[in-house]
>>> print(open('target03.cif').read())   # mmCIF, N, CA and C atoms
data_start
loop_
_atom_site.group_PDB
_atom_site.id
_atom_site.type_symbol
_atom_site.label_atom_id
_atom_site.label_comp_id
_atom_site.auth_asym_id
_atom_site.auth_seq_id
_atom_site.Cartn_x
_atom_site.Cartn_y
_atom_site.Cartn_z
ATOM 1 N N MET L 393 12.319 -2.331 -12.797
ATOM 2 C CA MET L 393 10.941 -2.504 -12.380
ATOM 3 C C MET L 393 10.679 -3.974 -12.078
ATOM 4 N N GLU L 394 9.937 -4.206 -11.028
ATOM 5 C CA GLU L 394 9.575 -5.557 -10.646
ATOM 6 C C GLU L 394 8.536 -6.092 -11.628
ATOM 7 N N ASP L 395 8.604 -7.364 -11.986
ATOM 8 C CA ASP L 395 7.650 -7.964 -12.922
ATOM 9 C C ASP L 395 6.202 -7.877 -12.441
ATOM 10 N N TRP L 396 5.962 -7.997 -11.143
ATOM 11 C CA TRP L 396 4.596 -7.966 -10.631
ATOM 12 C C TRP L 396 3.905 -6.646 -10.931
ATOM 13 N N ARG L 397 4.664 -5.577 -11.047
ATOM 14 C CA ARG L 397 4.078 -4.252 -11.305
ATOM 15 C C ARG L 397 3.393 -4.182 -12.661
ATOM 16 N N LEU L 398 3.796 -5.042 -13.575
ATOM 17 C CA LEU L 398 3.170 -5.051 -14.896
ATOM 18 C C LEU L 398 1.719 -5.509 -14.829
ATOM 19 N N GLU L 399 1.356 -6.220 -13.778
ATOM 20 C CA GLU L 399 -0.002 -6.736 -13.606
ATOM 21 C C GLU L 399 -0.855 -5.866 -12.686
ATOM 22 N N ALA L 400 -0.308 -4.779 -12.189
ATOM 23 C CA ALA L 400 -1.005 -3.942 -11.217
ATOM 24 C C ALA L 400 -2.207 -3.222 -11.831
ATOM 25 N N ALA L 401 -3.268 -3.151 -11.063
ATOM 26 C CA ALA L 401 -4.474 -2.442 -11.502
ATOM 27 C C ALA L 401 -4.196 -0.955 -11.701
ATOM 28 N N CYS L 402 -3.199 -0.436 -11.039
ATOM 29 C CA CYS L 402 -2.868 0.988 -11.138
ATOM 30 C C CYS L 402 -1.865 1.289 -12.255
ATOM 31 N N ARG L 403 -1.428 0.257 -12.952
ATOM 32 C CA ARG L 403 -0.434 0.462 -14.009
ATOM 33 C C ARG L 403 -0.935 1.506 -14.995
ATOM 34 N N GLY L 404 -0.113 2.484 -15.271
ATOM 35 C CA GLY L 404 -0.453 3.542 -16.212
ATOM 36 C C GLY L 404 -1.096 4.763 -15.566
ATOM 37 N N LEU L 405 -1.509 4.637 -14.307
ATOM 38 C CA LEU L 405 -2.084 5.790 -13.616
ATOM 39 C C LEU L 405 -0.964 6.637 -13.019
ATOM 40 N N ASN L 406 -1.238 7.897 -12.837
ATOM 41 C CA ASN L 406 -0.286 8.803 -12.212
ATOM 42 C C ASN L 406 -0.074 8.357 -10.763
ATOM 43 N N PRO L 407 1.168 8.085 -10.360
ATOM 44 C CA PRO L 407 1.422 7.652 -8.983
ATOM 45 C C PRO L 407 0.931 8.645 -7.927
ATOM 46 N N ASN L 408 0.862 9.923 -8.289
ATOM 47 C CA ASN L 408 0.381 10.917 -7.331
ATOM 48 C C ASN L 408 -1.065 10.657 -6.914
ATOM 49 N N PHE L 409 -1.802 9.945 -7.754
ATOM 50 C CA PHE L 409 -3.178 9.602 -7.440
ATOM 51 C C PHE L 409 -3.249 8.795 -6.144
ATOM 52 N N PHE L 410 -2.232 8.026 -5.863
ATOM 53 C CA PHE L 410 -2.201 7.175 -4.673
ATOM 54 C C PHE L 410 -1.553 7.876 -3.479
ATOM 55 N N HIS L 411 -1.348 9.172 -3.638
ATOM 56 C CA HIS L 411 -0.835 10.020 -2.568
ATOM 57 C C HIS L 411 -1.741 11.254 -2.474
ATOM 58 N N PRO L 412 -3.026 11.041 -2.148
ATOM 59 C CA PRO L 412 -3.976 12.158 -2.155
ATOM 60 C C PRO L 412 -3.646 13.195 -1.082
ATOM 61 N N GLU L 413 -4.036 14.404 -1.377
ATOM 62 C CA GLU L 413 -3.876 15.495 -0.412
ATOM 63 C C GLU L 413 -4.754 15.217 0.811
ATOM 64 N N LYS L 414 -4.313 15.696 1.946
ATOM 65 C CA LYS L 414 -5.091 15.534 3.172
ATOM 66 C C LYS L 414 -6.484 16.128 2.957
ATOM 67 N N GLY L 415 -7.491 15.354 3.295
ATOM 68 C CA GLY L 415 -8.866 15.809 3.157
ATOM 69 C C GLY L 415 -9.514 15.483 1.822
ATOM 70 N N ASP L 416 -8.739 14.987 0.871
ATOM 71 C CA ASP L 416 -9.289 14.648 -0.445
ATOM 72 C C ASP L 416 -9.880 13.244 -0.385
ATOM 73 N N GLN L 417 -11.059 13.150 0.176
ATOM 74 C CA GLN L 417 -11.701 11.856 0.407
ATOM 75 C C GLN L 417 -12.100 11.158 -0.887
ATOM 76 N N HIS L 418 -12.459 11.921 -1.909
ATOM 77 C CA HIS L 418 -12.850 11.310 -3.182
ATOM 78 C C HIS L 418 -11.678 10.541 -3.806
ATOM 79 N N THR L 419 -10.513 11.176 -3.880
ATOM 80 C CA THR L 419 -9.336 10.520 -4.449
ATOM 81 C C THR L 419 -8.921 9.343 -3.583
ATOM 82 N N LEU L 420 -8.954 9.513 -2.279
ATOM 83 C CA LEU L 420 -8.608 8.430 -1.361
ATOM 84 C C LEU L 420 -9.520 7.223 -1.581
ATOM 85 N N LYS L 421 -10.811 7.454 -1.637
ATOM 86 C CA LYS L 421 -11.781 6.373 -1.830
ATOM 87 C C LYS L 421 -11.548 5.670 -3.162
ATOM 88 N N THR L 422 -11.328 6.440 -4.210
ATOM 89 C CA THR L 422 -11.114 5.855 -5.531
ATOM 90 C C THR L 422 -9.830 5.031 -5.567
ATOM 91 N N ALA L 423 -8.763 5.556 -4.987
ATOM 92 C CA ALA L 423 -7.493 4.826 -4.962
ATOM 93 C C ALA L 423 -7.638 3.516 -4.194
ATOM 94 N N LEU L 424 -8.325 3.544 -3.064
ATOM 95 C CA LEU L 424 -8.534 2.324 -2.284
ATOM 96 C C LEU L 424 -9.379 1.317 -3.058
ATOM 97 N N GLU L 425 -10.353 1.806 -3.816
ATOM 98 C CA GLU L 425 -11.183 0.909 -4.625
ATOM 99 C C GLU L 425 -10.376 0.261 -5.745
ATOM 100 N N ILE L 426 -9.427 0.986 -6.315
ATOM 101 C CA ILE L 426 -8.575 0.405 -7.357
ATOM 102 C C ILE L 426 -7.767 -0.753 -6.762
ATOM 103 N N CYS L 427 -7.274 -0.578 -5.560
ATOM 104 C CA CYS L 427 -6.481 -1.621 -4.904
ATOM 105 C C CYS L 427 -7.343 -2.771 -4.385
ATOM 106 N N ASN L 428 -8.398 -2.429 -3.684
ATOM 107 C CA ASN L 428 -9.176 -3.426 -2.953
ATOM 108 C C ASN L 428 -10.385 -3.956 -3.707
ATOM 109 N N GLY L 429 -10.721 -3.323 -4.815
ATOM 110 C CA GLY L 429 -11.898 -3.724 -5.565
ATOM 111 C C GLY L 429 -13.162 -3.139 -4.956
ATOM 112 N N THR L 430 -14.259 -3.369 -5.637
ATOM 113 C CA THR L 430 -15.584 -2.929 -5.204
ATOM 114 C C THR L 430 -16.520 -4.123 -5.398
ATOM 115 N N PRO L 431 -17.782 -3.978 -5.044
ATOM 116 C CA PRO L 431 -18.700 -5.086 -5.325
ATOM 117 C C PRO L 431 -18.763 -5.441 -6.824
ATOM 118 N N ASP L 432 -18.402 -4.471 -7.681
ATOM 119 C CA ASP L 432 -18.452 -4.705 -9.127
ATOM 120 C C ASP L 432 -17.101 -4.993 -9.773
ATOM 121 N N THR L 433 -16.029 -4.835 -9.017
ATOM 122 C CA THR L 433 -14.695 -5.039 -9.582
ATOM 123 C C THR L 433 -13.853 -5.923 -8.675
ATOM 124 N N GLU L 434 -12.892 -6.575 -9.266
ATOM 125 C CA GLU L 434 -11.964 -7.430 -8.525
ATOM 126 C C GLU L 434 -10.877 -6.563 -7.874
ATOM 127 N N PRO L 435 -10.302 -7.037 -6.791
ATOM 128 C CA PRO L 435 -9.140 -6.332 -6.232
ATOM 129 C C PRO L 435 -7.950 -6.452 -7.170
ATOM 130 N N CYS L 436 -6.984 -5.599 -6.984
ATOM 131 C CA CYS L 436 -5.763 -5.650 -7.785
ATOM 132 C C CYS L 436 -5.136 -7.041 -7.647
ATOM 133 N N PRO L 437 -4.744 -7.651 -8.763
ATOM 134 C CA PRO L 437 -4.186 -9.009 -8.692
ATOM 135 C C PRO L 437 -2.825 -9.090 -8.001
ATOM 136 N N VAL L 438 -2.150 -7.961 -7.849
ATOM 137 C CA VAL L 438 -0.828 -7.976 -7.209
ATOM 138 C C VAL L 438 -0.810 -7.137 -5.926
ATOM 139 N N LYS L 439 -1.976 -7.001 -5.329
ATOM 140 C CA LYS L 439 -2.111 -6.217 -4.103
ATOM 141 C C LYS L 439 -1.136 -6.694 -3.018
ATOM 142 N N GLN L 440 -1.045 -8.000 -2.809
ATOM 143 C CA GLN L 440 -0.149 -8.532 -1.775
ATOM 144 C C GLN L 440 1.310 -8.263 -2.121
ATOM 145 N N ASN L 441 1.676 -8.370 -3.388
ATOM 146 C CA ASN L 441 3.051 -8.058 -3.804
ATOM 147 C C ASN L 441 3.391 -6.611 -3.475
ATOM 148 N N CYS L 442 2.444 -5.724 -3.752
ATOM 149 C CA CYS L 442 2.637 -4.299 -3.487
ATOM 150 C C CYS L 442 2.817 -4.053 -1.990
ATOM 151 N N LEU L 443 1.983 -4.692 -1.195
ATOM 152 C CA LEU L 443 2.093 -4.543 0.249
ATOM 153 C C LEU L 443 3.424 -5.099 0.753
ATOM 154 N N ASP L 444 3.806 -6.263 0.289
ATOM 155 C CA ASP L 444 5.089 -6.850 0.694
ATOM 156 C C ASP L 444 6.246 -5.936 0.316
ATOM 157 N N TRP L 445 6.157 -5.332 -0.870
ATOM 158 C CA TRP L 445 7.217 -4.447 -1.351
ATOM 159 C C TRP L 445 7.381 -3.252 -0.425
ATOM 160 N N ILE L 446 6.282 -2.576 -0.097
ATOM 161 C CA ILE L 446 6.390 -1.376 0.740
ATOM 162 C C ILE L 446 6.838 -1.734 2.154
ATOM 163 N N LEU L 447 6.398 -2.890 2.662
ATOM 164 C CA LEU L 447 6.777 -3.283 4.021
ATOM 165 C C LEU L 447 8.259 -3.624 4.123
ATOM 166 N N THR L 448 8.843 -4.131 3.047
ATOM 167 C CA THR L 448 10.262 -4.477 3.097
ATOM 168 C C THR L 448 11.163 -3.347 2.617
ATOM 169 N N LYS L 449 10.648 -2.493 1.753
ATOM 170 C CA LYS L 449 11.478 -1.422 1.172
ATOM 171 C C LYS L 449 11.705 -0.276 2.154
ATOM 172 N N TYR L 450 10.698 0.054 2.927
ATOM 173 C CA TYR L 450 10.782 1.216 3.801
ATOM 174 C C TYR L 450 10.511 0.849 5.252
ATOM 175 N N SER L 451 11.160 1.568 6.146
ATOM 176 C CA SER L 451 10.896 1.403 7.572
ATOM 177 C C SER L 451 9.642 2.191 7.926
ATOM 178 N N ARG L 452 9.149 1.975 9.101
ATOM 179 C CA ARG L 452 7.963 2.707 9.556
ATOM 180 C C ARG L 452 8.182 4.216 9.457
ATOM 181 N N ASP L 453 9.347 4.686 9.839
ATOM 182 C CA ASP L 453 9.619 6.122 9.828
ATOM 183 C C ASP L 453 9.711 6.696 8.418
ATOM 184 N N GLU L 454 10.024 5.861 7.441
ATOM 185 C CA GLU L 454 10.112 6.323 6.056
ATOM 186 C C GLU L 454 8.775 6.197 5.320
ATOM 187 N N ASP L 455 7.924 5.289 5.756
ATOM 188 C CA ASP L 455 6.665 4.969 5.079
ATOM 189 C C ASP L 455 5.545 5.828 5.661
ATOM 190 N N LEU L 456 5.496 7.070 5.224
ATOM 191 C CA LEU L 456 4.565 8.013 5.819
ATOM 192 C C LEU L 456 3.392 8.379 4.931
ATOM 193 N N TYR L 457 3.487 8.112 3.649
ATOM 194 C CA TYR L 457 2.479 8.606 2.715
ATOM 195 C C TYR L 457 2.027 7.526 1.746
ATOM 196 N N GLY L 458 0.869 7.740 1.202
ATOM 197 C CA GLY L 458 0.410 6.946 0.079
ATOM 198 C C GLY L 458 -0.303 5.660 0.432
ATOM 199 N N ILE L 459 -0.951 5.156 -0.588
ATOM 200 C CA ILE L 459 -1.679 3.900 -0.499
ATOM 201 C C ILE L 459 -0.876 2.858 -1.257
ATOM 202 N N TYR L 460 -0.520 1.804 -0.564
ATOM 203 C CA TYR L 460 0.210 0.680 -1.150
ATOM 204 C C TYR L 460 -0.443 -0.591 -0.649
ATOM 205 N N GLY L 461 -0.632 -1.539 -1.533
ATOM 206 C CA GLY L 461 -1.243 -2.800 -1.130
ATOM 207 C C GLY L 461 -2.635 -2.612 -0.552
ATOM 208 N N GLY L 462 -3.303 -1.540 -0.952
ATOM 209 C CA GLY L 462 -4.656 -1.283 -0.477
ATOM 210 C C GLY L 462 -4.741 -0.750 0.935
ATOM 211 N N LEU L 463 -3.606 -0.368 1.511
ATOM 212 C CA LEU L 463 -3.586 0.120 2.890
ATOM 213 C C LEU L 463 -2.958 1.505 2.985
ATOM 214 N N MET L 464 -3.407 2.233 3.980
ATOM 215 C CA MET L 464 -2.842 3.539 4.277
ATOM 216 C C MET L 464 -1.692 3.358 5.272
ATOM 217 N N PRO L 465 -0.855 4.383 5.445
ATOM 218 C CA PRO L 465 0.315 4.242 6.317
ATOM 219 C C PRO L 465 0.012 3.730 7.721
ATOM 220 N N ALA L 466 -1.016 4.233 8.361
ATOM 221 C CA ALA L 466 -1.319 3.787 9.732
ATOM 222 C C ALA L 466 -1.632 2.299 9.769
ATOM 223 N N GLN L 467 -2.288 1.802 8.731
ATOM 224 C CA GLN L 467 -2.598 0.370 8.675
ATOM 225 C C GLN L 467 -1.322 -0.446 8.477
ATOM 226 N N ARG L 468 -0.407 0.063 7.663
ATOM 227 C CA ARG L 468 0.865 -0.642 7.459
ATOM 228 C C ARG L 468 1.714 -0.608 8.717
ATOM 229 N N HIS L 469 1.635 0.481 9.478
ATOM 230 C CA HIS L 469 2.379 0.566 10.741
ATOM 231 C C HIS L 469 1.918 -0.520 11.707
ATOM 232 N N LYS L 470 0.620 -0.782 11.728
ATOM 233 C CA LYS L 470 0.091 -1.840 12.608
ATOM 234 C C LYS L 470 0.656 -3.206 12.223
ATOM 235 N N ILE L 471 0.779 -3.446 10.924
ATOM 236 C CA ILE L 471 1.346 -4.720 10.467
ATOM 237 C C ILE L 471 2.801 -4.826 10.909
ATOM 238 N N ARG L 472 3.558 -3.749 10.722
ATOM 239 C CA ARG L 472 4.966 -3.760 11.143
ATOM 240 C C ARG L 472 5.086 -3.990 12.647
ATOM 241 N N ASN L 473 4.245 -3.314 13.419
ATOM 242 C CA ASN L 473 4.289 -3.485 14.873
ATOM 243 C C ASN L 473 3.964 -4.909 15.271
ATOM 244 N N ALA L 474 2.974 -5.492 14.635
ATOM 245 C CA ALA L 474 2.605 -6.881 14.946
ATOM 246 C C ALA L 474 3.749 -7.827 14.604
ATOM 247 N N LYS L 475 4.411 -7.593 13.480
ATOM 248 C CA LYS L 475 5.555 -8.438 13.112
ATOM 249 C C LYS L 475 6.701 -8.258 14.094
ATOM 250 N N ARG L 476 6.926 -7.009 14.520
ATOM 251 C CA ARG L 476 8.005 -6.738 15.471
ATOM 252 C C ARG L 476 7.727 -7.429 16.797
ATOM 253 N N VAL L 477 6.516 -7.310 17.287
ATOM 254 C CA VAL L 477 6.145 -7.958 18.546
ATOM 255 C C VAL L 477 6.252 -9.463 18.393
ATOM 256 N N GLY L 478 5.801 -10.005 17.264
ATOM 257 C CA GLY L 478 5.904 -11.435 17.029
ATOM 258 C C GLY L 478 7.334 -11.911 17.019
ATOM 259 N N SER L 479 8.235 -11.106 16.439
ATOM 260 C CA SER L 479 9.642 -11.511 16.385
ATOM 261 C C SER L 479 10.290 -11.429 17.760
ATOM 262 N N ILE L 480 9.836 -10.500 18.585
ATOM 263 C CA ILE L 480 10.365 -10.403 19.951
ATOM 264 C C ILE L 480 9.923 -11.621 20.755
ATOM 265 N N VAL L 481 8.672 -12.003 20.599
ATOM 266 C CA VAL L 481 8.134 -13.146 21.335
ATOM 267 C C VAL L 481 8.793 -14.440 20.901
ATOM 268 N N THR L 482 8.986 -14.615 19.575
ATOM 269 C CA THR L 482 9.544 -15.875 19.071
ATOM 270 C C THR L 482 11.062 -15.868 19.018
ATOM 271 N N GLY L 483 11.658 -14.675 19.158
ATOM 272 C CA GLY L 483 13.113 -14.584 19.089
ATOM 273 C C GLY L 483 13.656 -14.626 17.671
ATOM 274 N N LYS L 484 12.784 -14.416 16.680
ATOM 275 C CA LYS L 484 13.221 -14.433 15.263
ATOM 276 C C LYS L 484 13.294 -13.039 14.711
#
>>> encode(input="target03.cif", output="structure tokens")
Amino acid sequence: MEDWRLEAACRGLNPNFFHPEKGDQHTLKTALEICNGTPDTEPCPVKQNCLDWILTKYSRDEDLYGIYGGLMPAQRHKIRNAKRVGSIVTGK
């Protein structure tokens, strides 16, 4: 286990909570609030670590489900696409 996970706001919660069934808006909203915070709560202190982990661990085709780093798969796909386009432009 990565050390950053010990500081996660979701630590101790069932991981399935962050993989809500299609149409389960209540669970989706709650999971996003745990990651991103609310007006009354702080965002997860390791949100960026979580996002970095999922972006490097899985390819776009493998990263199809769940909330990681406060983002849903489609949002993470946009980040990957932007990085890919940036690397094509810069040659890196």
>>> atom_distance(input="target03.cif", atom1="atom CA of Thr433 of chain L", atom2="atom CA of Lys449 of chain L")
28.5 Å
>>> residues_around(input="target03.cif", residues="Ile426 of chain L", least_positions_apart="5", cutoff="7 Å", atoms="only N, CA and C atoms", output="list of chain:residue names")
L:Ala401, L:Cys402, L:Lys421, L:Glu434, L:Pro435, L:Cys436
>>> resolve_selection(input="target03.cif", expression="the PyMOL selection byres (((chain L and resi 468 and name CA) around 10) and name CA)", output="mmCIF file with N, CA and C atoms, keeping the file's coordinate frame")
data_model
loop_
_atom_site.group_PDB
_atom_site.id
_atom_site.type_symbol
_atom_site.label_atom_id
_atom_site.label_comp_id
_atom_site.auth_asym_id
_atom_site.auth_seq_id
_atom_site.Cartn_x
_atom_site.Cartn_y
_atom_site.Cartn_z
ATOM 1 N N LEU L 443 1.983 -4.692 -1.195
ATOM 2 C CA LEU L 443 2.093 -4.543 0.249
ATOM 3 C C LEU L 443 3.424 -5.099 0.753
ATOM 4 N N ILE L 446 6.282 -2.576 -0.097
ATOM 5 C CA ILE L 446 6.390 -1.376 0.740
ATOM 6 C C ILE L 446 6.838 -1.734 2.154
ATOM 7 N N LEU L 447 6.398 -2.890 2.662
ATOM 8 C CA LEU L 447 6.777 -3.283 4.021
ATOM 9 C C LEU L 447 8.259 -3.624 4.123
ATOM 10 N N ARG L 452 9.149 1.975 9.101
ATOM 11 C CA ARG L 452 7.963 2.707 9.556
ATOM 12 C C ARG L 452 8.182 4.216 9.457
ATOM 13 N N ASP L 455 7.924 5.289 5.756
ATOM 14 C CA ASP L 455 6.665 4.969 5.079
ATOM 15 C C ASP L 455 5.545 5.828 5.661
ATOM 16 N N LEU L 456 5.496 7.070 5.224
ATOM 17 C CA LEU L 456 4.565 8.013 5.819
ATOM 18 C C LEU L 456 3.392 8.379 4.931
ATOM 19 N N ILE L 459 -0.951 5.156 -0.588
ATOM 20 C CA ILE L 459 -1.679 3.900 -0.499
ATOM 21 C C ILE L 459 -0.876 2.858 -1.257
ATOM 22 N N TYR L 460 -0.520 1.804 -0.564
ATOM 23 C CA TYR L 460 0.210 0.680 -1.150
ATOM 24 C C TYR L 460 -0.443 -0.591 -0.649
ATOM 25 N N GLY L 461 -0.632 -1.539 -1.533
ATOM 26 C CA GLY L 461 -1.243 -2.800 -1.130
ATOM 27 C C GLY L 461 -2.635 -2.612 -0.552
ATOM 28 N N GLY L 462 -3.303 -1.540 -0.952
ATOM 29 C CA GLY L 462 -4.656 -1.283 -0.477
ATOM 30 C C GLY L 462 -4.741 -0.750 0.935
ATOM 31 N N LEU L 463 -3.606 -0.368 1.511
ATOM 32 C CA LEU L 463 -3.586 0.120 2.890
ATOM 33 C C LEU L 463 -2.958 1.505 2.985
ATOM 34 N N MET L 464 -3.407 2.233 3.980
ATOM 35 C CA MET L 464 -2.842 3.539 4.277
ATOM 36 C C MET L 464 -1.692 3.358 5.272
ATOM 37 N N PRO L 465 -0.855 4.383 5.445
ATOM 38 C CA PRO L 465 0.315 4.242 6.317
ATOM 39 C C PRO L 465 0.012 3.730 7.721
ATOM 40 N N ALA L 466 -1.016 4.233 8.361
ATOM 41 C CA ALA L 466 -1.319 3.787 9.732
ATOM 42 C C ALA L 466 -1.632 2.299 9.769
ATOM 43 N N GLN L 467 -2.288 1.802 8.731
ATOM 44 C CA GLN L 467 -2.598 0.370 8.675
ATOM 45 C C GLN L 467 -1.322 -0.446 8.477
ATOM 46 N N HIS L 469 1.635 0.481 9.478
ATOM 47 C CA HIS L 469 2.379 0.566 10.741
ATOM 48 C C HIS L 469 1.918 -0.520 11.707
ATOM 49 N N LYS L 470 0.620 -0.782 11.728
ATOM 50 C CA LYS L 470 0.091 -1.840 12.608
ATOM 51 C C LYS L 470 0.656 -3.206 12.223
ATOM 52 N N ILE L 471 0.779 -3.446 10.924
ATOM 53 C CA ILE L 471 1.346 -4.720 10.467
ATOM 54 C C ILE L 471 2.801 -4.826 10.909
ATOM 55 N N ARG L 472 3.558 -3.749 10.722
ATOM 56 C CA ARG L 472 4.966 -3.760 11.143
ATOM 57 C C ARG L 472 5.086 -3.990 12.647
ATOM 58 N N ASN L 473 4.245 -3.314 13.419
ATOM 59 C CA ASN L 473 4.289 -3.485 14.873
ATOM 60 C C ASN L 473 3.964 -4.909 15.271
ATOM 61 N N ALA L 474 2.974 -5.492 14.635
ATOM 62 C CA ALA L 474 2.605 -6.881 14.946
ATOM 63 C C ALA L 474 3.749 -7.827 14.604
#
>>> atom_distance(input="target03.cif", atom1="atom CA of Pro437 of chain L", atom2="atom N of Ala400 of chain L")
6.7 Å
>>> atom_distance(input="target03.cif", atom1="atom N of Glu425 of chain L", atom2="atom CA of Arg476 of chain L")
28.0 Å
>>> select_by_dssp(input="target03.cif", residues="chain L", states="alpha helix (DSSP H)", output="number ranges by chain")
L: 417-428, 439-449, 465-482
>>> select_by_dssp(input="target03.cif", residues="chain L", states="strand (DSSP E or B)", output="NGL selection string")
:L and (430 or 433 or 460 or 463)
>>> residues_around(input="target03.cif", residues="Phe409 of chain L", least_positions_apart="5", cutoff="7 Å", atoms="all atoms listed in the file", output="list in words")
Thr419, Leu420 and Ala423 of chain L
>>> axis_aligned_box(input="target03.cif", around="segment 461-476 of chain L", padding_each_side="8 Å", output="AutoDock Vina command-line options")
--center_x 1.6 --center_y -2.0 --center_z 7.6 --size_x 28.7 --size_y 28.8 --size_z 34.3
